[in-house]
>>> print(open('final-v7.cif').read())   # mmCIF, C-alpha atoms
data_upload
#
loop_
_atom_site.label_atom_id
_atom_site.label_comp_id
_atom_site.auth_asym_id
_atom_site.auth_seq_id
_atom_site.Cartn_x
_atom_site.Cartn_y
_atom_site.Cartn_z
CA MET S 11 -24.40 -61.01 -33.09
CA ALA S 12 -27.96 -59.84 -33.01
CA ALA S 13 -28.76 -56.88 -30.81
CA GLU S 14 -30.03 -57.81 -27.36
CA SER S 15 -33.80 -58.27 -27.46
CA PRO S 16 -35.90 -55.78 -25.52
CA ILE S 17 -36.92 -56.69 -21.98
CA SER S 18 -40.46 -57.37 -23.10
CA ASP S 19 -39.27 -60.15 -25.39
CA ARG S 20 -37.21 -61.97 -22.80
CA LYS S 21 -38.29 -65.42 -21.81
CA VAL S 22 -37.96 -66.75 -18.30
CA VAL S 23 -37.36 -70.39 -17.45
CA VAL S 24 -39.81 -71.52 -14.79
CA HIS S 25 -39.16 -74.62 -12.71
CA LEU S 26 -42.33 -76.02 -11.16
CA ARG S 27 -41.79 -77.89 -7.90
CA ALA S 28 -44.39 -79.82 -5.97
CA THR S 29 -44.40 -79.47 -2.21
CA GLY S 30 -46.46 -81.12 0.49
CA ASP S 31 -48.59 -83.82 -1.08
CA ALA S 32 -49.14 -82.08 -4.38
CA PRO S 33 -48.77 -84.23 -7.50
CA ILE S 34 -45.54 -83.94 -9.47
CA LEU S 35 -45.71 -82.94 -13.12
CA LYS S 36 -43.98 -85.06 -15.76
CA GLN S 37 -42.41 -81.99 -17.26
CA THR S 38 -41.33 -79.42 -14.72
CA LYS S 39 -39.43 -76.81 -16.67
CA PHE S 40 -41.06 -74.35 -19.03
CA LYS S 41 -40.29 -71.10 -20.74
CA ILE S 42 -42.69 -68.22 -20.37
CA ALA S 43 -42.56 -64.69 -21.76
CA GLY S 44 -41.19 -62.19 -19.28
CA ASN S 45 -44.06 -59.80 -19.78
CA ASP S 46 -46.71 -62.41 -19.03
CA ASN S 47 -48.49 -62.15 -15.70
CA PHE S 48 -47.89 -64.68 -12.97
CA CYS S 49 -51.52 -65.74 -13.27
CA LYS S 50 -50.52 -67.56 -16.45
CA VAL S 51 -48.32 -69.85 -14.35
CA ILE S 52 -51.12 -70.35 -11.82
CA GLU S 53 -53.65 -71.14 -14.54
CA PHE S 54 -51.25 -73.52 -16.23
CA LEU S 55 -50.81 -75.40 -12.96
CA ARG S 56 -54.55 -75.53 -12.41
CA ARG S 57 -55.10 -76.99 -15.86
CA GLN S 58 -52.27 -79.51 -15.61
CA LEU S 59 -53.24 -80.71 -12.17
CA ARG S 60 -56.96 -80.35 -12.72
CA ARG S 61 -57.27 -78.61 -9.40
CA ASP S 62 -58.67 -75.22 -8.71
CA THR S 63 -57.28 -74.72 -5.28
CA LEU S 64 -53.52 -74.45 -5.20
CA PHE S 65 -51.13 -72.61 -2.96
CA VAL S 66 -48.47 -71.17 -5.27
CA TYR S 67 -45.36 -69.37 -4.16
CA VAL S 68 -41.84 -68.64 -5.38
CA ASN S 69 -38.43 -69.69 -4.11
CA SER S 70 -39.51 -70.32 -0.53
CA ALA S 71 -40.07 -66.64 -0.11
CA PHE S 72 -43.50 -65.27 -0.92
CA SER S 73 -46.69 -65.74 -2.89
CA PRO S 74 -46.87 -63.31 -5.82
CA ASN S 75 -49.95 -61.37 -6.84
CA PRO S 76 -51.32 -62.97 -10.01
CA ASP S 77 -50.84 -59.72 -11.92
CA GLU S 78 -47.12 -59.42 -11.24
CA LEU S 79 -44.97 -59.76 -14.34
CA VAL S 80 -42.88 -62.91 -14.52
CA ILE S 81 -39.81 -60.89 -15.48
CA ASP S 82 -40.17 -58.73 -12.34
CA LEU S 83 -40.27 -61.88 -10.18
CA TYR S 84 -37.21 -63.22 -11.97
CA ASN S 85 -35.33 -59.98 -11.38
CA ILE S 86 -36.04 -60.01 -7.64
CA PHE S 87 -34.20 -63.32 -7.34
CA ALA S 88 -31.48 -62.36 -9.79
CA LEU S 89 -30.72 -59.41 -7.49
CA TRP S 90 -30.77 -61.62 -4.40
CA SER S 91 -28.18 -63.90 -5.92
CA LEU S 92 -25.82 -60.94 -6.13
CA TYR S 93 -26.32 -60.09 -2.48
CA THR S 94 -26.49 -63.38 -0.69
CA CYS S 95 -23.65 -65.71 0.16
CA ASP S 96 -26.10 -68.47 1.08
CA LYS S 97 -25.07 -71.40 -1.07
CA ASN S 98 -28.41 -73.00 -0.32
CA PHE S 99 -30.10 -70.17 -2.14
CA GLY S 100 -29.37 -71.81 -5.44
CA PHE S 101 -30.58 -69.33 -7.98
CA ASP S 102 -29.37 -70.66 -11.30
CA GLY S 103 -31.30 -68.57 -13.75
CA LYS S 104 -34.66 -70.22 -13.20
CA LEU S 105 -37.72 -68.93 -11.42
CA VAL S 106 -38.68 -71.69 -9.01
CA VAL S 107 -42.42 -71.87 -8.55
CA ASN S 108 -43.56 -74.09 -5.70
CA TYR S 109 -47.11 -75.36 -5.47
CA ALA S 110 -49.07 -77.27 -2.86
CA SER S 111 -52.60 -78.52 -2.62
CA SER S 112 -54.96 -76.26 -0.84
CA MET S 113 -58.04 -78.39 -0.90
CA ALA S 114 -61.41 -76.87 -0.21
CA TRP S 115 -63.37 -77.82 2.82
CA GLY S 116 -65.11 -81.16 2.30
CA MET K 3 -28.21 -89.74 11.90
CA GLY K 4 -28.58 -85.95 11.96
CA GLY K 5 -31.23 -84.71 14.36
CA HIS K 6 -32.40 -81.54 12.72
CA CYS K 7 -35.72 -80.19 13.88
CA LEU K 8 -38.32 -79.55 11.23
CA TRP K 9 -39.63 -76.02 11.56
CA ASP K 10 -43.31 -75.96 12.46
CA GLY K 11 -44.24 -72.72 10.72
CA THR K 12 -44.61 -70.63 13.89
CA LEU K 13 -42.61 -67.71 15.21
CA SER K 14 -41.74 -66.49 18.68
CA PRO K 15 -42.97 -63.18 20.13
CA ASN K 16 -39.48 -61.73 19.78
CA ASP K 17 -39.22 -62.83 16.15
CA PHE K 18 -42.64 -61.24 15.57
CA ILE K 19 -41.38 -57.94 16.94
CA ALA K 20 -38.17 -58.07 14.86
CA SER K 21 -40.08 -58.97 11.70
CA ALA K 22 -42.61 -56.22 12.38
CA ASP K 23 -39.77 -53.73 12.60
CA ASP K 24 -38.34 -55.01 9.30
CA LEU K 25 -41.73 -54.77 7.57
CA THR K 26 -42.31 -51.24 8.88
CA LYS K 27 -38.95 -49.97 7.66
CA LYS K 28 -39.20 -51.60 4.24
CA TRP K 29 -42.74 -50.33 3.70
CA MET K 30 -41.59 -46.81 4.54
CA ALA K 31 -38.71 -47.08 2.10
CA ILE K 32 -40.84 -48.45 -0.72
CA ASN K 33 -44.17 -46.68 -0.17
CA PRO K 34 -43.41 -43.36 1.50
CA ASN K 35 -46.59 -41.80 0.13
CA LEU K 36 -48.96 -44.46 1.40
CA PRO K 37 -50.24 -44.90 4.96
CA GLN K 38 -47.55 -46.49 7.08
CA TRP K 39 -47.40 -49.47 9.38
CA THR K 40 -47.17 -48.26 12.96
CA TRP K 41 -46.22 -50.30 16.00
CA ILE K 42 -48.82 -49.84 18.74
CA PRO K 43 -47.37 -50.95 22.07
CA CYS K 44 -49.71 -52.57 24.56
CA GLN K 45 -49.58 -54.02 28.00
CA ARG K 46 -51.91 -56.74 29.14
CA MET K 47 -52.11 -57.47 32.81
CA ASP K 48 -51.50 -61.16 32.50
CA VAL K 49 -48.55 -61.05 30.10
CA SER K 50 -45.07 -60.04 31.16
CA CYS K 51 -43.58 -59.53 27.68
CA ASN K 52 -41.99 -56.08 27.68
CA ALA K 53 -42.51 -55.15 24.08
CA GLU K 54 -45.95 -56.49 23.33
CA GLY K 55 -47.99 -54.72 20.74
CA TYR K 56 -49.37 -54.95 17.24
CA LEU K 57 -48.85 -53.41 13.82
CA ALA K 58 -51.49 -51.04 12.47
CA LEU K 59 -52.02 -49.86 8.92
CA GLU K 60 -54.94 -47.49 8.83
CA ASN K 61 -56.83 -45.26 6.44
CA MET K 62 -56.07 -47.30 3.37
CA TYR K 63 -58.37 -45.87 0.76
CA GLN K 64 -59.92 -48.36 -1.57
CA LEU K 65 -62.05 -47.55 -4.55
CA SER K 66 -65.18 -49.60 -4.21
CA ALA K 67 -66.27 -52.30 -6.58
CA SER K 68 -67.37 -49.95 -9.33
CA GLU K 69 -63.78 -48.86 -9.96
CA VAL K 70 -61.34 -51.35 -11.42
CA ASN K 71 -57.57 -51.05 -11.66
CA ALA K 72 -56.99 -48.07 -9.41
CA PRO K 73 -53.91 -46.15 -10.60
CA THR K 74 -50.69 -46.59 -8.67
CA ASP K 75 -47.60 -44.45 -8.45
CA ASP K 76 -45.52 -47.18 -10.04
CA GLU K 77 -42.47 -45.73 -11.77
CA ASN K 78 -43.05 -47.99 -14.71
CA TYR K 79 -46.48 -46.54 -15.37
CA SER K 80 -46.53 -46.33 -19.11
CA ALA K 81 -46.91 -42.96 -20.77
CA GLU K 82 -48.97 -44.67 -23.43
CA GLU K 83 -51.74 -45.49 -20.96
CA ALA K 84 -54.81 -43.27 -20.84
CA PRO K 85 -54.11 -40.04 -18.97
CA PHE K 86 -55.10 -39.98 -15.33
CA ASP K 87 -58.44 -38.24 -14.98
CA ASN K 88 -58.55 -36.26 -11.74
CA ALA K 89 -62.16 -35.26 -12.25
CA THR K 90 -63.30 -38.86 -12.29
CA LEU K 91 -61.34 -39.69 -9.17
CA ILE K 92 -62.73 -36.76 -7.19
CA GLN K 93 -66.26 -37.74 -8.04
CA SER K 94 -65.53 -41.32 -7.07
CA TYR K 95 -63.96 -40.21 -3.81
CA ASN K 96 -67.29 -39.02 -2.51
CA ASP K 97 -69.39 -41.90 -3.69
CA ASP K 98 -67.28 -44.98 -3.96
CA MET K 99 -64.32 -44.66 -1.62
CA HIS K 100 -64.02 -47.10 1.23
CA ILE K 101 -61.50 -46.88 4.02
CA TYR K 102 -59.76 -49.87 5.54
CA ASP K 103 -57.79 -50.49 8.69
CA PHE K 104 -55.49 -53.51 8.99
CA HIS K 105 -53.92 -54.74 12.21
CA ILE K 106 -51.35 -57.53 12.53
CA VAL K 107 -51.63 -59.06 15.98
CA TYR K 108 -49.53 -61.87 17.43
CA SER K 109 -51.51 -64.88 18.61
CA PHE K 110 -49.92 -66.40 21.69
CA SER K 111 -52.03 -69.52 21.38
CA TYR K 112 -51.24 -70.25 17.72
CA GLN K 113 -47.81 -68.54 17.77
CA VAL K 114 -48.45 -66.91 14.41
CA PRO K 115 -49.53 -63.44 13.27
CA VAL K 116 -53.23 -62.83 12.74
CA LEU K 117 -54.76 -60.19 10.50
CA TYR K 118 -57.63 -58.13 11.82
CA PHE K 119 -59.35 -55.67 9.51
CA ARG K 120 -62.37 -53.47 9.15
CA GLY K 121 -63.78 -51.23 6.47
CA TYR K 122 -66.05 -48.22 6.49
CA ARG K 123 -67.53 -45.65 4.15
CA CYS K 124 -66.38 -42.05 4.08
CA ASP K 125 -69.28 -41.14 6.36
CA GLY K 126 -67.95 -43.56 8.97
CA HIS K 127 -70.62 -46.18 8.40
CA PRO K 128 -69.01 -49.60 8.92
CA LEU K 129 -68.93 -52.04 6.05
CA HIS K 130 -70.40 -55.46 6.47
CA LEU K 131 -68.50 -58.45 5.19
CA CYS K 132 -70.69 -58.69 2.10
CA ASP K 133 -69.78 -55.07 1.24
CA ILE K 134 -66.08 -55.75 1.83
CA GLU K 135 -66.21 -58.82 -0.37
CA LYS K 136 -67.45 -56.69 -3.26
CA ASP K 137 -64.29 -54.55 -2.98
CA LEU K 138 -61.98 -57.51 -3.29
CA PRO K 139 -60.37 -58.62 -6.55
CA PRO K 140 -61.69 -61.86 -8.11
CA TYR K 141 -58.67 -63.96 -7.18
CA SER K 142 -59.14 -62.92 -3.57
CA SER K 143 -62.66 -64.36 -3.46
CA LYS K 144 -61.39 -67.55 -4.98
CA ILE K 145 -58.68 -67.99 -2.37
CA ARG K 146 -61.02 -67.15 0.45
CA ASN K 147 -63.88 -69.38 -0.58
CA GLU K 148 -61.95 -72.41 -1.71
CA SER K 149 -58.93 -72.76 0.49
CA LYS K 150 -59.10 -74.56 3.78
CA TRP K 151 -56.43 -72.27 5.08
CA THR K 152 -58.07 -68.90 4.77
CA PHE K 153 -61.49 -68.12 6.04
CA MET K 154 -62.90 -65.01 7.58
CA THR K 155 -64.67 -64.71 10.88
CA GLN K 156 -65.67 -61.85 13.12
CA GLU K 157 -63.86 -61.81 16.43
CA GLU K 158 -63.19 -59.45 19.25
CA HIS K 159 -59.96 -57.56 18.65
CA PRO K 160 -57.59 -58.77 21.41
CA TYR K 161 -56.56 -55.24 22.40
CA LEU K 162 -59.42 -53.00 21.30
CA CYS K 163 -62.26 -55.19 22.57
CA CYS K 164 -64.66 -54.61 19.75
CA PRO K 165 -65.52 -56.86 16.80
CA TRP K 166 -63.21 -56.85 13.81
CA TYR K 167 -63.06 -59.18 10.85
CA THR K 168 -60.18 -61.61 10.91
CA LEU K 169 -58.59 -64.42 8.94
CA HIS K 170 -58.63 -67.39 11.25
CA PRO K 171 -55.06 -68.43 12.13
CA CYS K 172 -55.60 -72.19 12.47
CA GLY K 173 -53.97 -73.01 9.11
CA THR K 174 -51.25 -70.36 9.16
CA SER K 175 -48.41 -72.48 10.50
CA ASP K 176 -49.20 -75.19 7.90
CA TRP K 177 -48.80 -72.94 4.91
CA MET K 178 -46.00 -70.84 6.41
CA LYS K 179 -44.10 -74.09 6.91
CA LEU K 180 -44.42 -74.69 3.16
CA LEU K 181 -43.77 -71.09 2.16
CA LEU K 182 -40.64 -70.44 4.22
CA GLY K 183 -39.63 -73.98 5.12
CA GLY K 184 -38.47 -74.59 1.61
CA ASP K 185 -37.11 -77.68 0.00
CA LEU K 186 -34.33 -78.16 2.49
CA PRO K 187 -35.85 -79.14 5.86
CA SER K 188 -32.65 -78.40 7.71
CA LYS K 189 -32.45 -74.88 6.35
CA ASN K 190 -33.24 -72.25 8.95
CA PRO K 191 -36.28 -70.28 7.88
CA ASP K 192 -35.79 -66.59 7.29
CA MET K 193 -37.62 -65.31 10.37
CA LEU K 194 -36.80 -61.66 9.76
CA HIS K 195 -38.95 -61.74 6.62
CA TYR K 196 -41.66 -63.92 8.14
CA LEU K 197 -44.23 -61.11 8.18
CA SER K 198 -43.62 -59.91 4.63
CA ALA K 199 -43.86 -63.50 3.40
CA TRP K 200 -47.02 -64.07 5.46
CA LEU K 201 -48.48 -60.80 4.25
CA SER K 202 -47.90 -61.77 0.60
CA VAL K 203 -50.50 -64.52 1.09
CA VAL K 204 -52.84 -62.86 3.55
CA GLY K 205 -52.82 -59.57 1.65
CA GLN K 206 -54.16 -61.26 -1.46
CA THR K 207 -57.05 -62.64 0.55
CA VAL K 208 -58.18 -59.21 1.72
CA GLY K 209 -57.20 -57.10 -1.27
CA LEU K 210 -54.22 -55.46 0.44
CA ARG K 211 -51.64 -55.13 -2.30
CA ILE K 212 -48.10 -55.92 -1.24
CA PRO K 213 -45.50 -54.35 -3.54
CA LEU K 214 -43.00 -56.76 -5.01
CA GLU K 215 -40.10 -54.65 -3.71
CA LEU K 216 -41.08 -55.61 -0.16
CA HIS K 217 -39.56 -59.03 -0.82
CA ASP K 218 -36.31 -57.65 -2.19
CA LYS K 219 -33.74 -58.69 0.37
CA SER K 220 -31.18 -56.35 -1.05
CA ILE K 221 -33.08 -53.37 0.36
#
>>> encode(input="final-v7.cif", output="structure tokens")
Amino acid sequence: MAAESPISDRKVVVHLRATGDAPILKQTKFKIAGNDNFCKVIEFLRRQLRRDTLFVYVNSAFSPNPDELVIDLYNIFALWSLYTCDKNFGFDGKLVVNYASSMAWG
Amino acid sequence: MGGHCLWDGTLSPNDFIASADDLTKKWMAINPNLPQWTWIPCQRMDVSCNAEGYLALENMYQLSASEVNAPTDDENYSAEEAPFDNATLIQSYNDDMHIYDFHIVYSFSYQVPVLYFRGYRCDGHPLHLCDIEKDLPPYSSKIRNESKWTFMTQEEHPYLCCPWYTLHPCGTSDWMKLLLGGDLPSKNPDMLHYLSAWLSVVGQTVGLRIPLELHDKSI
């Protein structure tokens, strides 16, 4: 077996979920490098949805700073899954990124 | 059929106090070397709540717009980065350092927390909003200018009776309902972490960096 790849090479599976009245993407699961910043996810969503104003947050918990590393976000939830008995928590190895429309004032 | 109530994104005064306590303790555990959140108890004549008050975070030093990427005491700070130059920082301290105070106050009318903040130069001269906006990171301006949910106004501080800048609370319950309400409407929202979740959004709007560890429920 190959040696385990360094942390910086790890990829994280991101599951994009629409909330509120935001449009749903055709493809919702993607892989992203762990050492990419969260802003890459935000920018991807903006391009796909052709909207500049989005409210983006993770796992019904908080809205990350754009410069947080994706792997650090993943690890927060991986740790939670060890500590919580909440079967609704549902961490199954994917970083769930929720997004909603945050339209500008008309 | 099941009659679950959809959560409306608000929190009660008692939940505010409990969440404030949780935020204070976590912040202390994670950032012992930074200014701390302090609970300031208050008593208003017309309110009978025993433990009314607000959270204050004061004397947060912020390098002004001319300095980018202020160093942190992050453990993962790479040794390969350029060495920290104390001489540069000391010079900047006199010229470019701004000081910020942040207060989290409970709004009885909206039933959500509200952020009040002000900034001033080292000589005590208050910063106007246009000066403050120059200190904020680019994504902060974007959120503030484009979102219907976050806009700044100047209002009288409910307890200190002088004008502070504030993020208007009218949209807070809408986006908190999304943020904490989750995909399962019948799930009870995690009220103990309401403030740290709220602060993760509001902090970005005003350039107050919230460490990721604050959201770690295992702490």
>>> resolve_selection(input="final-v7.cif", expression="the PyMOL selection byres ((chain S) within 8 of (chain K))", output="list in words")
Thr29, Gly30, Thr63, Tyr67, Asn69, Ser70, Ala71, Phe72, Ser73, Pro74, Asn75, Pro76, Glu78, Leu83, Ile86, Phe87, Leu89, Trp90, Tyr93, Ser112, Met113, Ala114 and Trp115 of chain S
>>> resolve_selection(input="final-v7.cif", expression="the PyMOL selection byres ((chain K and resi 105-115) around 6)", output="CSV table (one decimal) with C-alpha atoms, in the frame of the given file")
chain,number,residue,atom,x,y,z
K,12,THR,CA,-44.6,-70.6,13.9
K,13,LEU,CA,-42.6,-67.7,15.2
K,56,TYR,CA,-49.4,-55.0,17.2
K,57,LEU,CA,-48.8,-53.4,13.8
K,58,ALA,CA,-51.5,-51.0,12.5
K,104,PHE,CA,-55.5,-53.5,9.0
K,116,VAL,CA,-53.2,-62.8,12.7
K,117,LEU,CA,-54.8,-60.2,10.5
K,118,TYR,CA,-57.6,-58.1,11.8
>>> closest_residue(input="final-v7.cif", among="S:Arg57, S:Lys50, S:Arg20, S:Arg27", to="Asn85 of chain S", atoms="only C-alpha atoms")
S:Arg20
>>> atom_distance(input="final-v7.cif", atom1="atom CA of Asp10 of chain K", atom2="atom CA of Cys172 of chain K")
12.9 Å
>>> residues_around(input="final-v7.cif", residues="Asp17 of chain K", least_positions_apart="4", cutoff="8 Å", atoms="all atoms listed in the file", output="count of residues only")
4
>>> resolve_selection(input="final-v7.cif", expression="the PyMOL selection byres ((chain S and resi 42) around 8)", output="MDAnalysis selection string")
chainID S and resid 21:24 40:41 43:44 46 80
>>> residues_around(input="final-v7.cif", residues="Leu35 of chain S", least_positions_apart="3", cutoff="12 Å", atoms="all atoms listed in the file", output="list in words")
His25, Leu26, Arg27, Ala28, Thr29, Ala32, Thr38, Lys39, Phe40, Phe54, Leu55, Arg56, Arg57, Gln58, Leu59, Arg60, Asn108 and Tyr109 of chain S
>>> closest_residue(input="final-v7.cif", among="S:Asp77, S:Val66, S:Tyr84, S:Pro33", to="Cys49 of chain S", atoms="all atoms listed in the file")
S:Asp77
>>> atom_distance(input="final-v7.cif", atom1="atom CA of Thr174 of chain K", atom2="atom CA of Ala22 of chain K")
16.9 Å
>>> atom_distance(input="final-v7.cif", atom1="atom CA of Tyr167 of chain K", atom2="atom CA of Phe119 of chain K")
5.3 Å
